[in-house]
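Pasted below: start-v8.pdb, PDB, C-alpha atoms.
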```
ATOM      1  CA  MET A   1     168.295 256.914  47.547  1.00  0.00           C
ATOM      2  CA  GLY A   2     164.915 256.622  45.925  1.00  0.00           C
ATOM      3  CA  THR A   3     162.828 253.509  45.820  1.00  0.00           C
ATOM      4  CA  SER A   4     162.927 251.471  42.661  1.00  0.00           C
ATOM      5  CA  SER A   5     159.888 250.735  40.553  1.00  0.00           C
ATOM      6  CA  PHE A   6     160.132 247.079  41.622  1.00  0.00           C
ATOM      7  CA  GLU A   7     159.855 248.051  45.310  1.00  0.00           C
ATOM      8  CA  LYS A   8     156.872 250.278  44.502  1.00  0.00           C
ATOM      9  CA  ALA A   9     155.187 247.432  42.638  1.00  0.00           C
ATOM     10  CA  VAL A  10     155.743 245.047  45.570  1.00  0.00           C
ATOM     11  CA  CYS A  11     154.433 247.672  48.006  1.00  0.00           C
ATOM     12  CA  LEU A  12     151.321 248.238  45.858  1.00  0.00           C
ATOM     13  CA  GLN A  13     150.703 244.482  45.565  1.00  0.00           C
ATOM     14  CA  PHE A  14     151.088 244.085  49.333  1.00  0.00           C
ATOM     15  CA  ASN A  15     148.660 246.942  49.967  1.00  0.00           C
ATOM     16  CA  ALA A  16     146.159 245.413  47.515  1.00  0.00           C
ATOM     17  CA  LEU A  17     146.383 242.012  49.256  1.00  0.00           C
ATOM     18  CA  MET A  18     145.916 243.625  52.675  1.00  0.00           C
ATOM     19  CA  MET A  19     142.808 245.461  51.422  1.00  0.00           C
ATOM     20  CA  ILE A  20     141.374 242.176  50.112  1.00  0.00           C
ATOM     21  CA  LEU A  21     142.118 240.514  53.451  1.00  0.00           C
ATOM     22  CA  ILE A  22     140.544 243.358  55.439  1.00  0.00           C
ATOM     23  CA  LYS A  23     137.424 243.378  53.229  1.00  0.00           C
ATOM     24  CA  GLY A  24     137.091 239.588  53.577  1.00  0.00           C
ATOM     25  CA  THR A  25     137.456 239.763  57.345  1.00  0.00           C
ATOM     26  CA  LEU A  26     134.931 242.591  57.527  1.00  0.00           C
ATOM     27  CA  SER A  27     132.363 240.743  55.399  1.00  0.00           C
ATOM     28  CA  SER A  28     132.904 237.553  57.417  1.00  0.00           C
ATOM     29  CA  HIS A  29     132.332 239.496  60.624  1.00  0.00           C
ATOM     30  CA  ARG A  30     129.142 241.061  59.228  1.00  0.00           C
ATOM     31  CA  ARG A  31     127.830 237.616  58.168  1.00  0.00           C
ATOM     32  CA  GLN A  32     128.560 236.281  61.643  1.00  0.00           C
ATOM     33  CA  ILE A  33     126.691 239.156  63.297  1.00  0.00           C
ATOM     34  CA  ALA A  34     123.720 238.693  60.915  1.00  0.00           C
ATOM     35  CA  ARG A  35     123.651 234.929  61.625  1.00  0.00           C
ATOM     36  CA  ARG A  36     123.789 235.594  65.341  1.00  0.00           C
ATOM     37  CA  SER A  37     121.010 238.196  65.203  1.00  0.00           C
ATOM     38  CA  ARG A  38     118.703 235.679  63.495  1.00  0.00           C
ATOM     39  CA  HIS A  39     119.204 233.119  66.283  1.00  0.00           C
ATOM     40  CA  GLU A  40     119.703 235.241  69.388  1.00  0.00           C
ATOM     41  CA  ILE A  41     117.404 237.569  71.253  1.00  0.00           C
ATOM     42  CA  LEU A  42     118.237 240.146  73.879  1.00  0.00           C
ATOM     43  CA  PHE A  43     117.464 239.075  77.418  1.00  0.00           C
ATOM     44  CA  CYS A  44     115.385 242.203  78.006  1.00  0.00           C
ATOM     45  CA  GLU A  45     113.188 241.248  75.019  1.00  0.00           C
ATOM     46  CA  LEU A  46     112.320 237.810  76.441  1.00  0.00           C
ATOM     47  CA  SER A  47     108.845 237.364  77.823  1.00  0.00           C
ATOM     48  CA  GLU A  48     108.544 236.672  81.543  1.00  0.00           C
ATOM     49  CA  MET A  49     107.506 233.065  80.854  1.00  0.00           C
ATOM     50  CA  LYS A  50     110.595 232.408  78.729  1.00  0.00           C
ATOM     51  CA  ARG A  51     112.840 233.900  81.436  1.00  0.00           C
ATOM     52  CA  VAL A  52     111.360 231.536  84.021  1.00  0.00           C
ATOM     53  CA  GLU A  53     111.606 228.613  81.587  1.00  0.00           C
ATOM     54  CA  HIS A  54     115.309 229.198  80.964  1.00  0.00           C
ATOM     55  CA  GLY A  55     116.173 230.272  84.489  1.00  0.00           C
ATOM     56  CA  ILE A  56     118.897 228.693  86.526  1.00  0.00           C
ATOM     57  CA  ASN A  57     118.772 227.981  90.229  1.00  0.00           C
ATOM     58  CA  ASP A  58     122.057 228.389  92.004  1.00  0.00           C
ATOM     59  CA  GLU A  59     122.857 225.914  94.718  1.00  0.00           C
ATOM     60  CA  TYR A  60     125.092 227.012  97.554  1.00  0.00           C
ATOM     61  CA  PHE A  61     126.926 224.920 100.097  1.00  0.00           C
ATOM     62  CA  PHE A  62     124.656 226.067 102.924  1.00  0.00           C
ATOM     63  CA  ASP A  63     121.605 224.727 101.085  1.00  0.00           C
ATOM     64  CA  PHE A  64     122.776 221.185 101.859  1.00  0.00           C
ATOM     65  CA  THR A  65     123.535 218.954 104.774  1.00  0.00           C
ATOM     66  CA  SER A  66     126.648 217.015 103.792  1.00  0.00           C
ATOM     67  CA  PHE A  67     127.621 213.571 104.994  1.00  0.00           C
ATOM     68  CA  GLN A  68     130.988 211.925 104.380  1.00  0.00           C
ATOM     69  CA  VAL A  69     130.574 208.175 103.839  1.00  0.00           C
ATOM     70  CA  LEU A  70     133.696 206.310 102.740  1.00  0.00           C
ATOM     71  CA  ASN A  71     134.951 208.264  99.701  1.00  0.00           C
ATOM     72  CA  PHE A  72     131.537 209.772  98.975  1.00  0.00           C
ATOM     73  CA  THR A  73     130.297 213.191  99.957  1.00  0.00           C
ATOM     74  CA  ILE A  74     126.526 212.896 100.049  1.00  0.00           C
ATOM     75  CA  ARG A  75     124.525 216.114 100.051  1.00  0.00           C
ATOM     76  CA  VAL A  76     120.956 216.202 101.308  1.00  0.00           C
ATOM     77  CA  SER A  77     119.021 219.281 100.210  1.00  0.00           C
ATOM     78  CA  ASN A  78     115.944 218.695 102.388  1.00  0.00           C
ATOM     79  CA  GLU A  79     116.601 220.421 105.700  1.00  0.00           C
ATOM     80  CA  GLU A  80     114.302 218.225 107.830  1.00  0.00           C
ATOM     81  CA  LEU A  81     115.729 215.041 106.329  1.00  0.00           C
ATOM     82  CA  GLY A  82     119.283 216.264 106.914  1.00  0.00           C
ATOM     83  CA  ILE A  83     118.563 217.015 110.566  1.00  0.00           C
ATOM     84  CA  ALA A  84     116.794 213.682 111.025  1.00  0.00           C
ATOM     85  CA  LEU A  85     119.701 211.791 109.424  1.00  0.00           C
ATOM     86  CA  GLN A  86     122.088 213.434 111.887  1.00  0.00           C
ATOM     87  CA  GLU A  87     120.021 211.961 114.732  1.00  0.00           C
ATOM     88  CA  LEU A  88     120.646 208.383 113.540  1.00  0.00           C
ATOM     89  CA  THR A  89     123.586 206.265 114.606  1.00  0.00           C
ATOM     90  CA  GLU A  90     126.549 206.282 112.269  1.00  0.00           C
ATOM     91  CA  LYS A  91     125.873 202.704 111.146  1.00  0.00           C
ATOM     92  CA  GLN A  92     122.199 203.353 110.412  1.00  0.00           C
ATOM     93  CA  ARG A  93     122.963 206.604 108.582  1.00  0.00           C
ATOM     94  CA  THR A  94     125.676 204.946 106.495  1.00  0.00           C
ATOM     95  CA  ALA A  95     123.409 202.055 105.478  1.00  0.00           C
ATOM     96  CA  ILE A  96     120.613 204.447 104.464  1.00  0.00           C
ATOM     97  CA  LEU A  97     122.852 206.919 102.601  1.00  0.00           C
ATOM     98  CA  LEU A  98     124.712 204.255 100.646  1.00  0.00           C
ATOM     99  CA  HIS A  99     121.499 202.439  99.749  1.00  0.00           C
ATOM    100  CA  PHE A 100     119.261 205.364  98.803  1.00  0.00           C
ATOM    101  CA  PHE A 101     121.738 208.032  97.680  1.00  0.00           C
ATOM    102  CA  GLN A 102     124.472 205.893  96.098  1.00  0.00           C
ATOM    103  CA  GLY A 103     122.187 203.122  94.843  1.00  0.00           C
ATOM    104  CA  MET A 104     124.169 200.322  96.463  1.00  0.00           C
ATOM    105  CA  ASN A 105     122.491 197.051  97.434  1.00  0.00           C
ATOM    106  CA  ASP A 106     122.916 195.210 100.748  1.00  0.00           C
ATOM    107  CA  ARG A 107     125.542 192.838  99.347  1.00  0.00           C
ATOM    108  CA  GLU A 108     127.761 195.707  98.145  1.00  0.00           C
ATOM    109  CA  ILE A 109     127.470 197.581 101.439  1.00  0.00           C
ATOM    110  CA  SER A 110     128.122 194.423 103.463  1.00  0.00           C
ATOM    111  CA  GLU A 111     131.294 193.743 101.451  1.00  0.00           C
ATOM    112  CA  LEU A 112     132.547 197.275 102.115  1.00  0.00           C
ATOM    113  CA  TYR A 113     132.020 196.984 105.882  1.00  0.00           C
ATOM    114  CA  HIS A 114     132.790 193.235 106.208  1.00  0.00           C
ATOM    115  CA  VAL A 115     129.487 192.416 107.884  1.00  0.00           C
ATOM    116  CA  SER A 116     126.582 190.196 106.867  1.00  0.00           C
ATOM    117  CA  ARG A 117     123.841 191.307 104.509  1.00  0.00           C
ATOM    118  CA  SER A 118     121.257 190.799 107.234  1.00  0.00           C
ATOM    119  CA  ALA A 119     123.176 193.207 109.513  1.00  0.00           C
ATOM    120  CA  ILE A 120     123.044 195.906 106.826  1.00  0.00           C
ATOM    121  CA  ASN A 121     119.357 195.184 106.217  1.00  0.00           C
ATOM    122  CA  SER A 122     118.484 195.458 109.907  1.00  0.00           C
ATOM    123  CA  ARG A 123     120.541 198.659 110.303  1.00  0.00           C
ATOM    124  CA  ARG A 124     118.729 200.221 107.376  1.00  0.00           C
ATOM    125  CA  ASP A 125     115.284 199.065 108.614  1.00  0.00           C
ATOM    126  CA  ARG A 126     115.870 200.366 112.152  1.00  0.00           C
ATOM    127  CA  GLY A 127     117.207 203.617 110.733  1.00  0.00           C
ATOM    128  CA  LEU A 128     114.202 204.042 108.451  1.00  0.00           C
ATOM    129  CA  LYS A 129     111.780 203.455 111.343  1.00  0.00           C
ATOM    130  CA  LYS A 130     113.622 206.028 113.430  1.00  0.00           C
ATOM    131  CA  LEU A 131     113.667 208.449 110.485  1.00  0.00           C
ATOM    132  CA  GLN A 132     109.937 208.017 110.020  1.00  0.00           C
ATOM    133  CA  LYS A 133     109.297 208.877 113.674  1.00  0.00           C
ATOM    134  CA  LEU A 134     111.656 211.869 113.562  1.00  0.00           C
ATOM    135  CA  LEU A 135     110.166 213.263 110.368  1.00  0.00           C
ATOM    136  CA  LYS A 136     106.616 212.879 111.705  1.00  0.00           C
ATOM    137  CA  TRP A 137     107.721 214.732 114.832  1.00  0.00           C
ATOM    138  CA  TYR A 138     109.330 217.548 112.764  1.00  0.00           C
ATOM    139  CA  VAL A 139     106.212 217.869 110.589  1.00  0.00           C
ATOM    140  CA  SER A 140     103.818 217.900 113.542  1.00  0.00           C
ATOM    141  CA  ASP A 141     106.083 220.300 115.441  1.00  0.00           C
ATOM    142  CA  ALA A 142     106.225 222.709 112.474  1.00  0.00           C
ATOM    143  CA  SER A 143     102.414 222.799 112.136  1.00  0.00           C
TER
END
```
Would you mind giving the structure from this file in structure tokens?
Amino acid sequence: MGTSSFEKAVCLQFNALMMILIKGTLSSHRRQIARRSRHEILFCELSEMKRVEHGINDEYFFDFTSFQVLNFTIRVSNEELGIALQELTEKQRTAILLHFFQGMNDREISELYHVSRSAINSRRDRGLKKLQKLLKWYVSDAS
């Protein structure tokens, strides 16, 4: 059986619509590429200064000394400070880390540990004095 003229007309109309769709998609793609080329530059064409300006520093887990305090994981990136903090007692280290790294005040820390504010203050002060001595020792030892 041969195809009727109606089927041929439908087939021709379908083909015409598909050509319009393909041309529209192609022109849209070309516009997108042109728009992108106006705003983007190849990495190899960037000047050295721009590469440094837009650079990213990766941080790896071994670049930090981590401390677990309550539900917080506190990472210290300074190696000497991390070692010195490990030398403190747990109570002194906790008071210092929560105060300086989590931004908590003495009242908040004392409520968490059910001790007085003055106890937290004295723990932090003793810990800071010990830290100061340890860091001076590390600096003088490294020189």
Contacts of Lys91 (chain A) at 7 Å or less, counting all atoms listed in the file, minus same-chain residues fewer than 3 places along, as a VMD selection string? chain A and resid 94 to 95 123
In Å to one decimal, how far is CA of Glu90 (chain A) from CA of Val69 (chain A)?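 Spanning CA of Val69 (chain A) to CA of Glu90 (chain A) is a straight-line distance of 9.5 Å.
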Contacts of region 131-135 of chain A within 8 Å, all atoms listed in the file, excl. fewer than 2 positions in-chain, as an MDAnalysis selection string: chainID A and resid 80:81 84:85 88 127:129 137:139
Could you list the residues chosen by the PyMOL selection byres ((chain A and resi 68) around 12) in this structure as a ChimeraX atom specification? /A:65-67,69-76,86,90,93-94,97-98
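Across the model, the gap from CA of Leu26 (chain A) to CA of Glu7 (chain A) is 28.3 Å.
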Computed interatomic separation between CA of Ile109 (chain A) and CA of Asp125 (chain A) (Å):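 Here the two named atoms are 14.2 Å from each other.
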May I have the residues within 12 Å of Glu108 (chain A) as number ranges by chain, using all atoms listed in the file and disregarding those fewer than 5 positions away in the same chain? A: 95, 98-99, 102-103, 113-117, 120-121
Deliver the residues from the most recent selection as a file, using C-alpha atoms, as a tab-separated table (two decimals), in the coordinates of the input.
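Writing done, so here's selection-v7.tsv:
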```tsv
chain	number	residue	atom	x	y	z
A	95	ALA	CA	123.41	202.06	105.48
A	98	LEU	CA	124.71	204.26	100.65
A	99	HIS	CA	121.50	202.44	99.75
A	102	GLN	CA	124.47	205.89	96.10
A	103	GLY	CA	122.19	203.12	94.84
A	113	TYR	CA	132.02	196.98	105.88
A	114	HIS	CA	132.79	193.24	106.21
A	115	VAL	CA	129.49	192.42	107.88
A	116	SER	CA	126.58	190.20	106.87
A	117	ARG	CA	123.84	191.31	104.51
A	120	ILE	CA	123.04	195.91	106.83
A	121	ASN	CA	119.36	195.18	106.22
```
Of the candidates A:Lys23, A:Arg124, A:Leu12, A:Glu87, which one gets nearest to Phe100 (chain A) if we count all atoms listed in the file? A:Arg124
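Taking only C-alpha atoms into account, Glu79 (chain A) lies nearest to A:Phe64 out of the set A:Phe64, A:Phe14, A:Gln92, A:Glu45.
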Mind working out the centre and edge lengths of an axis-aligned box for region 90-105 of chain A, all listed atoms inside, 3 Å added to each side, rounded to one decimal in Å and written as AutoDock Vina command-line options?
```
--center_x 122.9 --center_y 202.5 --center_z 103.6 --size_x 13.3 --size_y 17.0 --size_z 23.4
```
